[in-house]
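Shown next: model_31.pdb, containing PDB, C-alpha atoms.
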ATOM      1  CA  MET A   1    -131.600-152.221 -16.929  1.00  0.00           C
ATOM      2  CA  ARG A   2    -133.802-150.111 -14.645  1.00  0.00           C
ATOM      3  CA  PRO A   3    -137.461-151.008 -14.253  1.00  0.00           C
ATOM      4  CA  ALA A   4    -139.954-148.612 -15.798  1.00  0.00           C
ATOM      5  CA  PRO A   5    -141.267-146.040 -13.317  1.00  0.00           C
ATOM      6  CA  ARG A   6    -144.735-146.678 -11.955  1.00  0.00           C
ATOM      7  CA  PRO A   7    -147.385-144.266 -13.186  1.00  0.00           C
ATOM      8  CA  ALA A   8    -148.495-141.650 -10.683  1.00  0.00           C
ATOM      9  CA  VAL A   9    -151.913-142.572  -9.363  1.00  0.00           C
ATOM     10  CA  ARG A  10    -153.841-140.444  -6.920  1.00  0.00           C
ATOM     11  CA  ARG A  11    -155.015-142.637  -4.106  1.00  0.00           C
ATOM     12  CA  ALA A  12    -157.347-141.965  -1.224  1.00  0.00           C
ATOM     13  CA  ASP A  13    -155.710-140.915   2.024  1.00  0.00           C
ATOM     14  CA  ARG A  14    -154.491-144.037   3.738  1.00  0.00           C
ATOM     15  CA  ARG A  15    -153.526-143.194   7.253  1.00  0.00           C
ATOM     16  CA  SER A  16    -151.179-145.608   8.945  1.00  0.00           C
ATOM     17  CA  LEU A  17    -152.028-146.462  12.486  1.00  0.00           C
ATOM     18  CA  PRO A  18    -149.439-145.444  15.066  1.00  0.00           C
ATOM     19  CA  ARG A  19    -147.366-148.197  16.528  1.00  0.00           C
ATOM     20  CA  SER A  20    -148.202-148.466  20.178  1.00  0.00           C
ATOM     21  CA  GLU A  21    -146.942-150.362  23.145  1.00  0.00           C
ATOM     22  CA  PRO A  22    -147.650-154.060  23.116  1.00  0.00           C
ATOM     23  CA  PRO A  23    -150.900-154.892  24.909  1.00  0.00           C
ATOM     24  CA  ASP A  24    -150.654-156.143  28.477  1.00  0.00           C
ATOM     25  CA  MET A  25    -151.261-159.873  28.115  1.00  0.00           C
ATOM     26  CA  SER A  26    -150.592-160.681  31.760  1.00  0.00           C
ATOM     27  CA  ASP A  27    -153.263-162.356  33.830  1.00  0.00           C
ATOM     28  CA  SER A  28    -153.836-160.349  37.010  1.00  0.00           C
ATOM     29  CA  THR A  29    -154.869-163.520  38.854  1.00  0.00           C
ATOM     30  CA  SER A  30    -151.723-165.416  37.905  1.00  0.00           C
ATOM     31  CA  SER A  31    -149.501-166.630  40.723  1.00  0.00           C
ATOM     32  CA  HIS A  32    -146.518-165.569  38.602  1.00  0.00           C
ATOM     33  CA  SER A  33    -147.494-161.888  38.487  1.00  0.00           C
ATOM     34  CA  SER A  34    -144.772-159.409  39.343  1.00  0.00           C
ATOM     35  CA  GLU A  35    -146.602-157.262  41.859  1.00  0.00           C
ATOM     36  CA  GLY A  36    -145.136-153.827  42.368  1.00  0.00           C
ATOM     37  CA  ARG A  37    -143.161-153.935  39.122  1.00  0.00           C
ATOM     38  CA  THR A  38    -144.260-152.379  35.874  1.00  0.00           C
ATOM     39  CA  PRO A  39    -143.051-153.665  32.531  1.00  0.00           C
ATOM     40  CA  PRO A  40    -140.621-151.394  30.690  1.00  0.00           C
ATOM     41  CA  GLN A  41    -142.393-148.804  28.555  1.00  0.00           C
ATOM     42  CA  PHE A  42    -141.039-147.998  25.111  1.00  0.00           C
ATOM     43  CA  GLN A  43    -141.989-146.277  21.894  1.00  0.00           C
ATOM     44  CA  VAL A  44    -140.387-146.837  18.538  1.00  0.00           C
ATOM     45  CA  ALA A  45    -140.877-144.589  15.511  1.00  0.00           C
ATOM     46  CA  ILE A  46    -141.192-146.829  12.475  1.00  0.00           C
ATOM     47  CA  ARG A  47    -142.587-145.746   9.116  1.00  0.00           C
ATOM     48  CA  LEU A  48    -145.508-147.921   8.048  1.00  0.00           C
ATOM     49  CA  GLU A  49    -146.263-148.436   4.386  1.00  0.00           C
ATOM     50  CA  TRP A  50    -149.257-150.140   2.779  1.00  0.00           C
ATOM     51  CA  ASP A  51    -148.559-152.877   0.220  1.00  0.00           C
ATOM     52  CA  GLU A  52    -150.437-152.660  -3.052  1.00  0.00           C
ATOM     53  CA  SER A  53    -152.690-155.684  -3.346  1.00  0.00           C
ATOM     54  CA  ASP A  54    -155.161-156.417  -6.106  1.00  0.00           C
ATOM     55  CA  ASP A  55    -156.367-159.657  -4.534  1.00  0.00           C
ATOM     56  CA  VAL A  56    -158.122-158.078  -1.532  1.00  0.00           C
ATOM     57  CA  PRO A  57    -161.856-158.148  -2.236  1.00  0.00           C
ATOM     58  CA  ILE A  58    -163.780-154.890  -2.368  1.00  0.00           C
ATOM     59  CA  VAL A  59    -167.196-155.151  -0.770  1.00  0.00           C
ATOM     60  CA  TYR A  60    -170.020-152.622  -0.691  1.00  0.00           C
ATOM     61  CA  ALA A  61    -171.730-151.797   2.602  1.00  0.00           C
ATOM     62  CA  ASN A  62    -174.468-149.364   3.543  1.00  0.00           C
ATOM     63  CA  GLN A  63    -174.917-150.542   7.130  1.00  0.00           C
ATOM     64  CA  LEU A  64    -172.498-150.890  10.031  1.00  0.00           C
ATOM     65  CA  GLN A  65    -172.859-152.614  13.377  1.00  0.00           C
ATOM     66  CA  VAL A  66    -170.221-151.881  16.026  1.00  0.00           C
ATOM     67  CA  SER A  67    -169.847-153.717  19.314  1.00  0.00           C
ATOM     68  CA  HIS A  68    -167.034-154.350  21.747  1.00  0.00           C
ATOM     69  CA  GLY A  69    -166.032-157.116  24.056  1.00  0.00           C
ATOM     70  CA  GLY A  70    -162.885-157.457  26.084  1.00  0.00           C
ATOM     71  CA  PRO A  71    -160.034-155.597  24.428  1.00  0.00           C
ATOM     72  CA  GLU A  72    -161.500-155.585  20.904  1.00  0.00           C
ATOM     73  CA  PHE A  73    -164.067-153.788  18.794  1.00  0.00           C
ATOM     74  CA  PHE A  74    -166.138-155.793  16.317  1.00  0.00           C
ATOM     75  CA  LEU A  75    -167.259-154.076  13.115  1.00  0.00           C
ATOM     76  CA  VAL A  76    -169.772-155.851  10.890  1.00  0.00           C
ATOM     77  CA  PHE A  77    -170.359-154.234   7.505  1.00  0.00           C
ATOM     78  CA  GLY A  78    -173.596-155.184   5.777  1.00  0.00           C
ATOM     79  CA  VAL A  79    -175.974-154.454   2.925  1.00  0.00           C
ATOM     80  CA  MET A  80    -179.627-153.565   3.292  1.00  0.00           C
ATOM     81  CA  VAL A  81    -181.713-153.516   0.122  1.00  0.00           C
ATOM     82  CA  PRO A  82    -185.153-151.937   0.626  1.00  0.00           C
ATOM     83  CA  PRO A  83    -188.071-152.927  -1.608  1.00  0.00           C
ATOM     84  CA  ALA A  84    -188.436-150.847  -4.764  1.00  0.00           C
ATOM     85  CA  ASN A  85    -192.052-150.036  -3.976  1.00  0.00           C
ATOM     86  CA  PRO A  86    -192.719-148.319  -0.608  1.00  0.00           C
ATOM     87  CA  SER A  87    -196.079-150.098  -0.390  1.00  0.00           C
ATOM     88  CA  ASP A  88    -194.181-153.421  -0.231  1.00  0.00           C
ATOM     89  CA  LEU A  89    -192.306-152.498   2.961  1.00  0.00           C
ATOM     90  CA  PRO A  90    -192.149-155.501   5.290  1.00  0.00           C
ATOM     91  CA  ASP A  91    -192.150-155.292   9.081  1.00  0.00           C
ATOM     92  CA  VAL A  92    -188.446-156.193   9.087  1.00  0.00           C
ATOM     93  CA  ILE A  93    -185.757-155.705   6.452  1.00  0.00           C
ATOM     94  CA  ARG A  94    -182.835-158.116   6.760  1.00  0.00           C
ATOM     95  CA  ILE A  95    -179.248-156.871   6.581  1.00  0.00           C
ATOM     96  CA  ARG A  96    -176.789-159.232   4.866  1.00  0.00           C
ATOM     97  CA  PRO A  97    -173.348-159.176   6.532  1.00  0.00           C
ATOM     98  CA  GLN A  98    -170.577-158.621   3.982  1.00  0.00           C
ATOM     99  CA  ALA A  99    -167.431-158.396   6.120  1.00  0.00           C
ATOM    100  CA  ARG A 100    -166.472-158.690   9.766  1.00  0.00           C
ATOM    101  CA  VAL A 101    -163.443-156.844  11.114  1.00  0.00           C
ATOM    102  CA  VAL A 102    -161.972-157.042  14.612  1.00  0.00           C
ATOM    103  CA  VAL A 103    -160.001-153.984  15.759  1.00  0.00           C
ATOM    104  CA  SER A 104    -157.782-153.638  18.824  1.00  0.00           C
ATOM    105  CA  ARG A 105    -158.681-151.007  21.392  1.00  0.00           C
ATOM    106  CA  GLU A 106    -155.307-149.350  20.765  1.00  0.00           C
ATOM    107  CA  ALA A 107    -156.026-148.911  17.050  1.00  0.00           C
ATOM    108  CA  MET A 108    -159.653-147.773  17.347  1.00  0.00           C
ATOM    109  CA  PRO A 109    -158.993-144.070  18.176  1.00  0.00           C
ATOM    110  CA  ALA A 110    -156.744-143.697  15.107  1.00  0.00           C
ATOM    111  CA  ILE A 111    -159.382-145.378  12.922  1.00  0.00           C
ATOM    112  CA  VAL A 112    -162.104-143.062  14.217  1.00  0.00           C
ATOM    113  CA  GLN A 113    -159.827-140.044  13.624  1.00  0.00           C
ATOM    114  CA  ALA A 114    -159.016-141.183  10.066  1.00  0.00           C
ATOM    115  CA  LEU A 115    -162.731-141.618   9.318  1.00  0.00           C
ATOM    116  CA  ASN A 116    -163.563-138.178  10.752  1.00  0.00           C
ATOM    117  CA  ASP A 117    -160.719-136.516   8.826  1.00  0.00           C
ATOM    118  CA  ASN A 118    -161.808-138.094   5.544  1.00  0.00           C
ATOM    119  CA  LEU A 119    -165.473-137.250   6.139  1.00  0.00           C
ATOM    120  CA  GLN A 120    -164.512-133.627   6.807  1.00  0.00           C
ATOM    121  CA  ARG A 121    -162.443-133.447   3.587  1.00  0.00           C
ATOM    122  CA  TYR A 122    -165.323-135.026   1.637  1.00  0.00           C
ATOM    123  CA  ARG A 123    -167.805-132.460   2.999  1.00  0.00           C
ATOM    124  CA  GLU A 124    -165.449-129.587   2.209  1.00  0.00           C
ATOM    125  CA  ALA A 125    -164.995-130.877  -1.348  1.00  0.00           C
ATOM    126  CA  GLN A 126    -168.768-131.181  -1.787  1.00  0.00           C
ATOM    127  CA  GLN A 127    -169.294-127.605  -0.561  1.00  0.00           C
ATOM    128  CA  GLY A 128    -166.628-126.416  -2.983  1.00  0.00           C
ATOM    129  CA  ARG A 129    -168.600-127.965  -5.845  1.00  0.00           C
ATOM    130  CA  GLY A 130    -171.813-126.348  -4.681  1.00  0.00           C
ATOM    131  CA  GLY A 131    -173.333-129.660  -3.658  1.00  0.00           C
TER     132      GLY A 131
END
Can the structure in the file be given as structure tokens, please?
Amino acid sequence: MRPAPRPAVRRADRRSLPRSEPPDMSDSTSSHSSEGRTPPQFQVAIRLEWDESDDVPIVYANQLQVSHGGPEFFLVFGVMVPPANPSDLPDVIRIRPQARVVVSREAMPAIVQALNDNLQRYREAQQGRGG
């Protein structure tokens, strides 16, 4: 007996990140370094597919802090809730971190491109609706 087909659901564009060369993990100060030799370079075309997962939490964020250190980028998504009454504005409004994500330097350009592409499509859709 064949399983029932899954209903067609329109999902947001989920761009898969390109598979890149493995990062260079060698220590340049190591006495075992192979000076004058470069590691073999290779590229493999593999199709990436996202698993469907209902157990990954969805968090809301209206603030983003980005920093980098070493080979990684650190993204901290947070929520800032301003007072309802403008006369109650404090000197400082605290941002509550909601999620922290570390991204490799190799993946960051593809993430930035995916964000820009989706923002452009969103703006075009809004203009098409007259808004």
Open item on the list: What's the separation between CA of Gln65 in chain A and CA of Glu49 in chain A, in Å to one decimal place?
Closed with: 28.4 Å
TODO: Pick out the closest residue to Val102 in chain A from this set: A:Pro39, A:Ala61, A:Pro71, A:Ser53. Count only C-alpha atoms.
DONE: A:Pro71
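The space between CA of Gln120 in chain A and CA of Leu64 in chain A spans 19.3 Å.
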Which residues come within 10 Å of range 84-98 of chain A, counting all atoms listed in the file, excluding same-chain residues fewer than 3 positions away, as a compact mmCIF listing (two decimals) with C-alpha atoms, in the frame of the given file?
# COMPACT_ATOMS: atom_id res chain seq x y z
CA VAL A 59 -167.20 -155.15 -0.77
CA TYR A 60 -170.02 -152.62 -0.69
CA ALA A 61 -171.73 -151.80 2.60
CA ASN A 62 -174.47 -149.36 3.54
CA GLN A 63 -174.92 -150.54 7.13
CA LEU A 64 -172.50 -150.89 10.03
CA GLN A 65 -172.86 -152.61 13.38
CA VAL A 76 -169.77 -155.85 10.89
CA PHE A 77 -170.36 -154.23 7.50
CA GLY A 78 -173.60 -155.18 5.78
CA VAL A 79 -175.97 -154.45 2.92
CA MET A 80 -179.63 -153.56 3.29
CA VAL A 81 -181.71 -153.52 0.12
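Interatomic distance, CA of Leu75 in chain A to CA of Pro109 in chain A: 13.9 Å.
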